[in-house]
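Structure file run35.csv (CSV, C-alpha atoms (C1' of nucleotides)) is printed below.
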```
chain,number,residue,atom,x,y,z
A,17,MET,CA,-27.5,-9.7,23.8
A,18,ALA,CA,-24.2,-11.1,22.8
A,19,LEU,CA,-23.5,-10.7,19.1
A,20,THR,CA,-21.7,-13.0,16.8
A,21,ILE,CA,-19.0,-11.5,14.6
A,22,GLY,CA,-21.3,-11.7,11.7
A,23,GLU,CA,-24.0,-9.8,13.5
A,24,LEU,CA,-21.5,-7.2,14.6
A,25,SER,CA,-20.3,-7.0,11.0
A,26,ARG,CA,-23.8,-6.3,9.8
A,27,GLN,CA,-24.6,-3.8,12.5
A,28,ALA,CA,-21.4,-1.7,12.2
A,29,GLN,CA,-21.0,-2.2,8.4
A,30,VAL,CA,-17.5,-3.6,8.8
A,31,LYS,CA,-16.4,-6.9,7.2
A,32,VAL,CA,-15.7,-9.9,9.4
A,33,PRO,CA,-12.0,-10.2,8.4
A,34,THR,CA,-11.6,-6.5,9.0
A,35,ILE,CA,-13.0,-6.9,12.6
A,36,ARG,CA,-10.5,-9.7,13.2
A,37,TYR,CA,-7.8,-7.5,11.8
A,38,TYR,CA,-8.8,-4.6,14.1
A,39,GLU,CA,-8.6,-7.0,17.1
A,40,GLN,CA,-5.2,-8.2,15.9
A,41,ILE,CA,-3.8,-4.7,15.8
A,42,GLY,CA,-5.4,-3.8,19.1
A,43,LEU,CA,-8.0,-1.3,18.0
A,44,LEU,CA,-10.6,-3.7,19.4
A,45,SER,CA,-10.1,-5.7,22.6
A,46,GLU,CA,-10.4,-9.5,22.5
A,47,PRO,CA,-14.1,-10.3,23.1
A,48,VAL,CA,-15.4,-13.1,25.3
A,49,ARG,CA,-15.6,-16.5,23.6
A,50,THR,CA,-18.2,-19.3,23.6
A,51,GLU,CA,-17.1,-22.8,24.5
A,52,GLY,CA,-16.7,-23.4,20.8
A,53,GLN,CA,-14.3,-20.4,20.7
A,54,GLN,CA,-16.6,-18.1,18.8
A,55,ARG,CA,-16.4,-14.5,19.5
A,56,ARG,CA,-19.3,-12.7,21.3
A,57,TYR,CA,-19.6,-8.9,21.3
A,58,GLY,CA,-21.6,-6.4,23.4
A,59,PRO,CA,-23.0,-2.9,22.9
A,60,GLU,CA,-19.7,-1.2,23.8
A,61,ASP,CA,-18.0,-3.1,21.0
A,62,VAL,CA,-20.6,-1.9,18.5
A,63,ARG,CA,-20.0,1.6,19.6
A,64,ARG,CA,-16.3,1.3,19.4
A,65,LEU,CA,-16.4,-0.3,16.0
A,66,ASN,CA,-18.7,2.4,14.7
A,67,PHE,CA,-16.2,5.0,15.9
A,68,ILE,CA,-13.4,3.2,14.2
A,69,ARG,CA,-15.3,2.8,10.9
A,70,HIS,CA,-16.4,6.5,11.0
A,71,ALA,CA,-12.8,7.7,11.5
A,72,ARG,CA,-11.5,5.4,8.8
A,73,GLU,CA,-14.1,6.8,6.4
A,74,LEU,CA,-12.9,10.2,7.3
A,75,GLY,CA,-9.4,9.0,6.3
A,76,PHE,CA,-7.8,8.9,9.7
A,77,GLU,CA,-4.9,6.5,9.9
A,78,VAL,CA,-5.1,3.6,12.3
A,79,ASP,CA,-2.6,5.1,14.7
A,80,ALA,CA,-4.5,8.4,14.8
A,81,ILE,CA,-7.7,6.4,15.5
A,82,ARG,CA,-5.9,4.6,18.3
A,83,GLN,CA,-5.0,8.0,19.8
A,84,LEU,CA,-8.5,9.4,19.3
A,85,LEU,CA,-10.0,6.3,21.0
A,86,ASP,CA,-7.7,6.8,24.0
A,87,LEU,CA,-8.6,10.4,24.2
A,88,ALA,CA,-12.3,9.6,23.9
A,89,SER,CA,-12.1,7.4,27.0
A,90,ALA,CA,-10.6,10.2,29.1
A,91,PRO,CA,-13.5,12.7,29.3
A,92,ASP,CA,-11.8,15.1,31.6
A,93,ARG,CA,-8.8,15.8,29.4
A,94,ALA,CA,-8.6,18.9,27.3
A,95,CYS,CA,-9.5,18.2,23.7
A,96,GLY,CA,-6.6,20.1,22.3
A,97,GLU,CA,-5.0,16.8,21.3
A,98,VAL,CA,-8.0,15.7,19.5
A,99,HIS,CA,-8.0,19.1,17.7
A,100,ASP,CA,-4.3,18.7,16.8
A,101,ILE,CA,-4.8,15.2,15.3
A,102,THR,CA,-7.8,16.4,13.3
A,103,ILE,CA,-6.1,19.5,12.1
A,104,ALA,CA,-3.0,17.6,11.0
A,105,HIS,CA,-5.3,15.2,9.1
A,106,LEU,CA,-7.2,18.1,7.5
A,107,ASP,CA,-4.0,19.6,6.4
A,108,GLU,CA,-3.0,16.3,4.8
A,109,VAL,CA,-6.3,16.1,3.0
A,110,LYS,CA,-5.9,19.7,1.7
A,111,SER,CA,-2.4,18.9,0.5
A,112,LYS,CA,-3.7,15.8,-1.4
A,113,ILE,CA,-6.5,17.8,-3.0
A,114,ALA,CA,-4.0,20.4,-4.2
A,115,ARG,CA,-1.7,17.7,-5.6
A,116,LEU,CA,-4.6,15.9,-7.4
A,117,THR,CA,-5.9,19.2,-8.7
A,118,ALA,CA,-2.6,20.0,-10.3
A,119,LEU,CA,-2.4,16.4,-11.7
A,120,ARG,CA,-5.9,16.8,-13.1
A,121,ASP,CA,-4.9,20.0,-14.9
A,122,GLU,CA,-1.8,18.2,-16.4
A,123,LEU,CA,-3.9,15.3,-17.6
A,124,GLU,CA,-6.5,17.6,-19.1
A,125,ALA,CA,-3.9,19.5,-20.9
A,126,MET,CA,-2.6,16.2,-22.3
A,127,VAL,CA,-5.9,14.8,-23.7
A,128,GLY,CA,-6.4,17.3,-26.4
A,129,CYS,CA,-5.0,14.6,-28.7
A,130,ASP,CA,-7.3,14.0,-31.7
A,131,HIS,CA,-6.7,10.3,-32.3
A,132,ARG,CA,-3.9,10.4,-34.7
A,133,ARG,CA,-1.1,7.8,-34.9
A,134,ILE,CA,0.9,7.2,-31.8
A,135,SER,CA,4.0,8.6,-33.5
A,136,GLU,CA,2.2,12.0,-33.4
A,137,CYS,CA,0.4,11.5,-30.1
A,138,ARG,CA,0.6,14.4,-27.7
A,139,ILE,CA,0.1,12.2,-24.6
A,140,ILE,CA,3.0,10.0,-25.4
A,141,GLU,CA,5.1,13.0,-26.3
A,142,VAL,CA,4.4,14.6,-23.0
A,143,LEU,CA,5.2,11.4,-21.1
A,144,ALA,CA,8.4,11.0,-23.0
A,145,ASP,CA,9.5,14.6,-22.4
A,146,HIS,CA,9.1,16.1,-19.0
A,147,GLY,CA,9.9,19.5,-20.3
A,148,GLN,CA,6.5,19.7,-22.0
A,149,CYS,CA,4.6,19.8,-18.7
A,150,ARG,CA,3.3,23.1,-17.8
A,151,HIS,CA,4.6,22.7,-14.2
A,152,ALA,CA,8.3,22.3,-13.5
A,153,GLU,CA,7.6,20.2,-10.5
A,154,HIS,CA,5.0,17.6,-10.1
B,8,MET,CA,28.6,5.3,-22.3
B,9,ALA,CA,27.2,2.5,-20.2
B,10,LEU,CA,25.8,3.7,-16.9
B,11,THR,CA,25.9,2.0,-13.5
B,12,ILE,CA,22.6,1.7,-11.7
B,13,GLY,CA,23.6,4.5,-9.4
B,14,GLU,CA,24.3,6.8,-12.4
B,15,LEU,CA,21.0,5.9,-14.0
B,16,SER,CA,19.3,6.5,-10.7
B,17,ARG,CA,20.7,10.0,-10.5
B,18,GLN,CA,20.0,10.8,-14.2
B,19,ALA,CA,16.4,9.7,-14.1
B,20,GLN,CA,15.7,10.6,-10.4
B,21,VAL,CA,14.6,7.2,-9.5
B,22,LYS,CA,15.9,5.2,-6.5
B,23,VAL,CA,18.2,2.2,-7.1
B,24,PRO,CA,15.9,-0.3,-5.4
B,25,THR,CA,13.0,1.1,-7.4
B,26,ILE,CA,14.9,0.5,-10.6
B,27,ARG,CA,15.6,-3.1,-9.6
B,28,TYR,CA,11.9,-3.4,-8.7
B,29,TYR,CA,10.9,-2.1,-12.2
B,30,GLU,CA,13.2,-4.7,-13.7
B,31,GLN,CA,11.7,-7.4,-11.6
B,32,ILE,CA,8.1,-6.5,-12.6
B,33,GLY,CA,9.1,-6.2,-16.3
B,34,LEU,CA,8.8,-2.5,-16.8
B,35,LEU,CA,12.5,-2.3,-17.6
B,36,SER,CA,14.3,-5.1,-19.5
B,37,GLU,CA,17.2,-6.8,-18.0
B,38,PRO,CA,20.3,-4.8,-18.8
B,39,VAL,CA,23.7,-6.1,-19.9
B,40,ARG,CA,26.0,-7.1,-17.0
B,41,THR,CA,29.7,-6.7,-16.3
B,42,GLU,CA,31.8,-9.7,-15.5
B,43,GLY,CA,31.2,-8.8,-11.9
B,44,GLN,CA,27.4,-9.0,-12.6
B,45,GLN,CA,26.8,-5.3,-12.3
B,46,ARG,CA,24.1,-3.8,-14.4
B,47,ARG,CA,25.0,-1.4,-17.2
B,48,TYR,CA,22.5,0.8,-18.9
B,49,GLY,CA,22.3,2.8,-22.2
B,50,PRO,CA,20.5,5.9,-23.4
B,51,GLU,CA,17.3,4.0,-24.3
B,52,ASP,CA,17.1,2.8,-20.7
B,53,VAL,CA,17.4,6.4,-19.5
B,54,ARG,CA,14.6,7.4,-21.8
B,55,ARG,CA,12.3,4.5,-20.8
B,56,LEU,CA,12.9,5.1,-17.1
B,57,ASN,CA,12.1,8.8,-17.5
B,58,PHE,CA,8.9,7.8,-19.2
B,59,ILE,CA,8.0,5.5,-16.4
B,60,ARG,CA,8.9,8.1,-13.7
B,61,HIS,CA,6.9,10.7,-15.4
B,62,ALA,CA,3.8,8.5,-15.8
B,63,ARG,CA,4.1,7.5,-12.1
B,64,GLU,CA,4.3,11.1,-11.1
B,65,LEU,CA,1.1,11.6,-13.0
B,66,GLY,CA,-0.4,8.8,-11.0
B,67,PHE,CA,-0.7,6.1,-13.7
B,68,GLU,CA,-0.7,2.6,-12.2
B,69,VAL,CA,2.1,0.3,-13.2
B,70,ASP,CA,-0.1,-1.8,-15.5
B,71,ALA,CA,-1.3,1.3,-17.3
B,72,ILE,CA,2.3,2.4,-17.8
B,73,ARG,CA,3.0,-1.1,-19.2
B,74,GLN,CA,0.3,-0.5,-21.7
B,75,LEU,CA,1.4,3.0,-22.5
B,76,LEU,CA,5.0,1.8,-23.1
B,77,ASP,CA,3.8,-0.9,-25.4
B,78,LEU,CA,1.7,1.6,-27.4
B,79,ALA,CA,4.6,4.0,-27.5
B,80,SER,CA,6.7,1.4,-29.2
B,81,ALA,CA,4.2,1.0,-32.0
B,82,PRO,CA,4.2,4.4,-33.7
B,83,ASP,CA,1.8,3.4,-36.5
B,84,ARG,CA,-1.1,2.5,-34.2
B,85,ALA,CA,-4.0,4.7,-33.6
B,86,CYS,CA,-3.6,6.6,-30.3
B,87,GLY,CA,-7.2,6.0,-29.3
B,88,GLU,CA,-6.0,3.4,-26.7
B,89,VAL,CA,-3.6,5.9,-25.2
B,90,HIS,CA,-6.5,8.4,-25.0
B,91,ASP,CA,-8.7,5.8,-23.3
B,92,ILE,CA,-6.1,4.9,-20.7
B,93,THR,CA,-5.5,8.6,-20.0
B,94,ILE,CA,-9.2,9.5,-19.8
B,95,ALA,CA,-9.9,6.6,-17.5
B,96,HIS,CA,-7.1,7.9,-15.2
B,97,LEU,CA,-8.3,11.4,-15.4
B,98,ASP,CA,-11.8,10.3,-14.4
B,99,GLU,CA,-10.3,8.5,-11.4
B,100,VAL,CA,-8.4,11.6,-10.4
B,101,LYS,CA,-11.5,13.7,-10.6
B,102,SER,CA,-13.4,11.2,-8.5
B,103,LYS,CA,-10.7,11.2,-5.9
B,104,ILE,CA,-10.7,15.0,-5.8
B,105,ALA,CA,-14.5,15.0,-5.2
B,106,ARG,CA,-14.2,12.5,-2.4
B,107,LEU,CA,-11.4,14.3,-0.7
B,108,THR,CA,-13.2,17.6,-1.1
B,109,ALA,CA,-16.2,16.2,0.6
B,110,LEU,CA,-14.0,14.8,3.3
B,111,ARG,CA,-12.3,18.2,3.8
B,112,ASP,CA,-15.7,19.8,4.2
B,113,GLU,CA,-16.6,17.2,6.9
B,114,LEU,CA,-13.4,17.7,8.8
B,115,GLU,CA,-13.7,21.5,8.6
B,116,ALA,CA,-17.2,21.3,10.0
B,117,MET,CA,-15.8,19.2,12.8
B,118,VAL,CA,-12.9,21.4,13.9
B,119,GLY,CA,-15.0,24.3,15.2
B,120,CYS,CA,-14.3,22.7,18.6
B,121,ASP,CA,-13.1,25.4,21.1
B,122,HIS,CA,-10.8,23.3,23.2
B,123,ARG,CA,-13.1,22.3,26.0
B,124,ARG,CA,-13.0,18.9,27.7
B,125,ILE,CA,-13.2,15.8,25.7
B,126,SER,CA,-16.6,15.0,27.3
B,127,GLU,CA,-17.9,18.0,25.4
B,128,CYS,CA,-15.7,17.7,22.3
B,129,ARG,CA,-17.5,18.1,19.0
B,130,ILE,CA,-14.9,16.0,17.1
B,131,ILE,CA,-15.3,13.1,19.4
B,132,GLU,CA,-19.1,13.5,19.3
B,133,VAL,CA,-19.2,13.4,15.6
B,134,LEU,CA,-16.9,10.4,15.3
B,135,ALA,CA,-19.0,8.6,17.9
B,136,ASP,CA,-22.3,9.4,16.1
B,137,HIS,CA,-22.5,9.0,12.4
B,138,GLY,CA,-25.8,10.8,12.3
B,139,GLN,CA,-24.1,14.1,13.0
B,140,CYS,CA,-22.3,14.2,9.7
B,141,ARG,CA,-23.8,16.5,7.2
B,142,HIS,CA,-23.7,13.8,4.5
B,143,ALA,CA,-25.6,10.6,4.8
B,144,GLU,CA,-23.0,8.8,2.8
B,145,HIS,CA,-19.3,9.2,2.9
C,21,DT,C1',50.5,-4.2,-5.6
C,22,DC,C1',47.6,-3.5,-1.6
C,23,DT,C1',44.0,-1.0,1.0
C,24,DT,C1',39.9,1.3,1.6
C,25,DG,C1',35.5,2.9,1.0
C,26,DA,C1',31.7,3.5,-2.1
C,27,DA,C1',28.7,1.2,-4.8
C,28,DC,C1',27.3,-3.0,-6.4
C,29,DC,C1',24.8,-7.7,-5.8
C,30,DT,C1',20.8,-11.1,-4.1
C,31,DC,C1',17.6,-12.3,-0.8
C,32,DT,C1',14.1,-11.6,2.5
C,33,DA,C1',10.8,-9.2,4.7
C,34,DG,C1',8.3,-5.0,5.9
C,35,DT,C1',5.0,-0.9,5.0
C,36,DC,C1',-0.4,0.1,5.3
C,37,DA,C1',-5.0,-1.5,5.6
C,38,DC,C1',-6.9,-4.6,4.6
C,39,DT,C1',-8.4,-9.1,1.7
C,40,DG,C1',-8.8,-13.9,0.1
C,41,DG,C1',-8.5,-18.8,0.4
C,42,DA,C1',-7.5,-23.4,2.5
C,43,DG,C1',-8.9,-26.6,5.8
C,44,DG,C1',-11.4,-27.6,9.6
C,45,DA,C1',-15.1,-26.7,13.7
C,46,DT,C1',-19.5,-24.9,15.5
C,47,DG,C1',-24.3,-23.9,15.7
C,48,DT,C1',-28.9,-24.0,14.3
C,49,DA,C1',-32.9,-25.5,11.7
C,50,DG,C1',-35.3,-29.1,9.6
D,28,DC,C1',-29.0,-37.0,12.2
D,29,DT,C1',-28.0,-34.0,8.2
D,30,DA,C1',-27.2,-29.9,5.8
D,31,DC,C1',-25.8,-25.5,5.5
D,32,DA,C1',-24.4,-21.1,7.1
D,33,DT,C1',-21.2,-19.2,9.9
D,34,DC,C1',-17.6,-19.6,12.8
D,35,DC,C1',-12.3,-20.5,13.6
D,36,DT,C1',-6.9,-20.1,12.6
D,37,DC,C1',-3.3,-19.7,9.5
D,38,DC,C1',-1.0,-18.1,5.6
D,39,DA,C1',-0.2,-15.3,1.9
D,40,DG,C1',-1.6,-11.7,-1.4
D,41,DT,C1',-2.6,-6.7,-2.9
D,42,DG,C1',0.3,-2.3,-4.9
D,43,DA,C1',4.3,0.2,-5.1
D,44,DC,C1',7.6,0.5,-3.2
D,45,DT,C1',11.4,0.3,0.9
D,46,DA,C1',14.9,-1.4,4.2
D,47,DG,C1',18.3,-4.2,5.9
D,48,DA,C1',21.5,-8.4,6.1
D,49,DG,C1',25.5,-10.4,4.3
D,50,DG,C1',28.5,-10.6,0.7
D,51,DT,C1',31.1,-8.9,-3.9
D,52,DT,C1',33.0,-5.6,-7.2
D,53,DC,C1',35.3,-1.5,-8.6
D,54,DA,C1',38.1,2.4,-8.7
D,55,DA,C1',41.1,5.7,-6.5
D,56,DG,C1',45.0,6.5,-3.8
D,57,DA,C1',49.2,5.2,-1.3
```

What would you get if you wrote out this structure as C-alpha cells?
Amino acid sequence: MALTIGELSRQAQVKVPTIRYYEQIGLLSEPVRTEGQQRRYGPEDVRRLNFIRHARELGFEVDAIRQLLDLASAPDRACGEVHDITIAHLDEVKSKIARLTALRDELEAMVGCDHRRISECRIIEVLADHGQCRHAEH
Amino acid sequence: MALTIGELSRQAQVKVPTIRYYEQIGLLSEPVRTEGQQRRYGPEDVRRLNFIRHARELGFEVDAIRQLLDLASAPDRACGEVHDITIAHLDEVKSKIARLTALRDELEAMVGCDHRRISECRIIEVLADHGQCRHAEH
DNA sequence: TCTTGAACCTCTAGTCACTGGAGGATGTAG
DNA sequence: CTACATCCTCCAGTGACTAGAGGTTCAAGA
C-alpha cells in the first residue's frame, strides 16, 4: 500500500512541493525509495502529514508543529507543554485580531471620502498627516 | 537643512536599512549625495517617507502605496482610485479578521484540556483528527 | 594635524513558508 | 515501442524587510 508523493498529496491535501519542503526541513522523515528513486509513503506518513496540515491551518508555526509532533509521540508525558504552545499561539491570534480590528476602524474612518479631487481627498490627507488618525499609536 | 539617512530615520521612525530598501524598490527617489557618497535628504523626502510609513502601518502593500503616492502627486484627478485601493484593502482586513476569529474559536475549543497525559490530550487529538473540528472548512 | 568612534557605504544572503520553473528520469497504459 | 503523466533534483523567486561582512567618511576632541 505504498503511496507515491502525488497520491499522498491528494490524500492529505498538501501540494507535492510542500511535501518535499516538509521533508527538507525535517517535519517529515525521508521515505523509502523505489529503484528509480521515487518516494513511497505509508499510512503513518499520511497521519503525520494530516497532523501537520491541520496545525498549519490553525496557524501554528513550523517550529511549534515540530514540538507538538515530538510531544504527540510521547504519550506518557504531561500535556502541559502542548497546552503552553497552544495558549501562546492563541494569545498571538487574539493580539492579531485586536490589531486588525483597530486597523479596520481606521480604514473605515478614512473612506468617508465622497469622490472629490485628490487635492481634497481625506484618505490622502490622513496618510500624509499622522496626526489625523484617531489613535496615537498604530 | 540636508539630513543624513540616520537623521531621516529618526525623524520618520523608519530604520536605515528599510530606507535603503525603499529607495531600491523605487518608493523613494535617489537622494543627492555628498562627495563621500553619503545620502542627503530634504523636507519632501521626510514627508514622502512619513506617508509610506503611515500606509505600511495601515497594512497597505508596497504596490498599493506606490499607486497612492502616484495619485497623491496628481491633485486634480478624481479620488475614486484612492477610494478603490482603500476599500479593497479594507475588505482584505475584514476577511483576515473573520479568518482569525474563526481560528481563535477553534483554538479556544481545543484548550479545555486539563493537563492529563498526552495520550489523552484533547489538543493532540483534535490536531490528529480533522473531523473533531467544529468547522468543516478552515 | 591626528585620532577615534559613530555613522556612512555596498554587497550578499537570510527570514518564513512556501512556490515555480528548468531539465531530465521513471512508470504505466495503449 | 511510444506517449503522457508523474516523478526527480536544483535553483531561485515571493514580500517586506533584516543582518552582517568589510570598507569609507565625517566630525569632534586632543

Could you tell me which residues of chain B sit within 10 Å of chain D when counting all atoms listed in the file, and give me the result as a ChimeraX atom specification? /B:22,24-25,28-29,41-45,68-69

Export, as an mmCIF file, in the frame of the given file, the selected residues with C-alpha atoms.
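Written file, part.cif:
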```cif
data_model
loop_
_atom_site.group_PDB
_atom_site.id
_atom_site.type_symbol
_atom_site.label_atom_id
_atom_site.label_comp_id
_atom_site.auth_asym_id
_atom_site.auth_seq_id
_atom_site.Cartn_x
_atom_site.Cartn_y
_atom_site.Cartn_z
ATOM 1 C CA LYS B 22 15.900 5.200 -6.500
ATOM 2 C CA PRO B 24 15.900 -0.300 -5.400
ATOM 3 C CA THR B 25 13.000 1.100 -7.400
ATOM 4 C CA TYR B 28 11.900 -3.400 -8.700
ATOM 5 C CA TYR B 29 10.900 -2.100 -12.200
ATOM 6 C CA THR B 41 29.700 -6.700 -16.300
ATOM 7 C CA GLU B 42 31.800 -9.700 -15.500
ATOM 8 C CA GLY B 43 31.200 -8.800 -11.900
ATOM 9 C CA GLN B 44 27.400 -9.000 -12.600
ATOM 10 C CA GLN B 45 26.800 -5.300 -12.300
ATOM 11 C CA GLU B 68 -0.700 2.600 -12.200
ATOM 12 C CA VAL B 69 2.100 0.300 -13.200
#
```

Based on all atoms listed in the file, which of the residues in chain B come within 8 Å of chain A? I want them as a ChimeraX atom specification. /B:54-55,57-58,61-62,64-66,75,78-79,81-87,89-90,93-94,97,100-101,103-104,107-108,110-111,113-115,118,120,122-128,130-131,134-137,145

From the list C:DA42, C:DC22, C:DA27, C:DA37, the nearest residue to chain B using only C-alpha atoms (C1' of nucleotides) is C:DA27

Would you kindly report the residues of chain C within 10 Å of chain A, using all atoms listed in the file, as a CSV table (one decimal) with C-alpha atoms (C1' of nucleotides), keeping the file's coordinate frame?
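Saved result, out33.csv, follows:
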```csv
chain,number,residue,atom,x,y,z
C,36,DC,C1',-0.4,0.1,5.3
C,37,DA,C1',-5.0,-1.5,5.6
C,38,DC,C1',-6.9,-4.6,4.6
C,39,DT,C1',-8.4,-9.1,1.7
C,40,DG,C1',-8.8,-13.9,0.1
C,45,DA,C1',-15.1,-26.7,13.7
C,46,DT,C1',-19.5,-24.9,15.5
C,47,DG,C1',-24.3,-23.9,15.7
```

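For the atom pair formed by atom CA of Glu37 of chain B and atom CA of Gly13 of chain B, the distance is 15.6 Å, given to one decimal.
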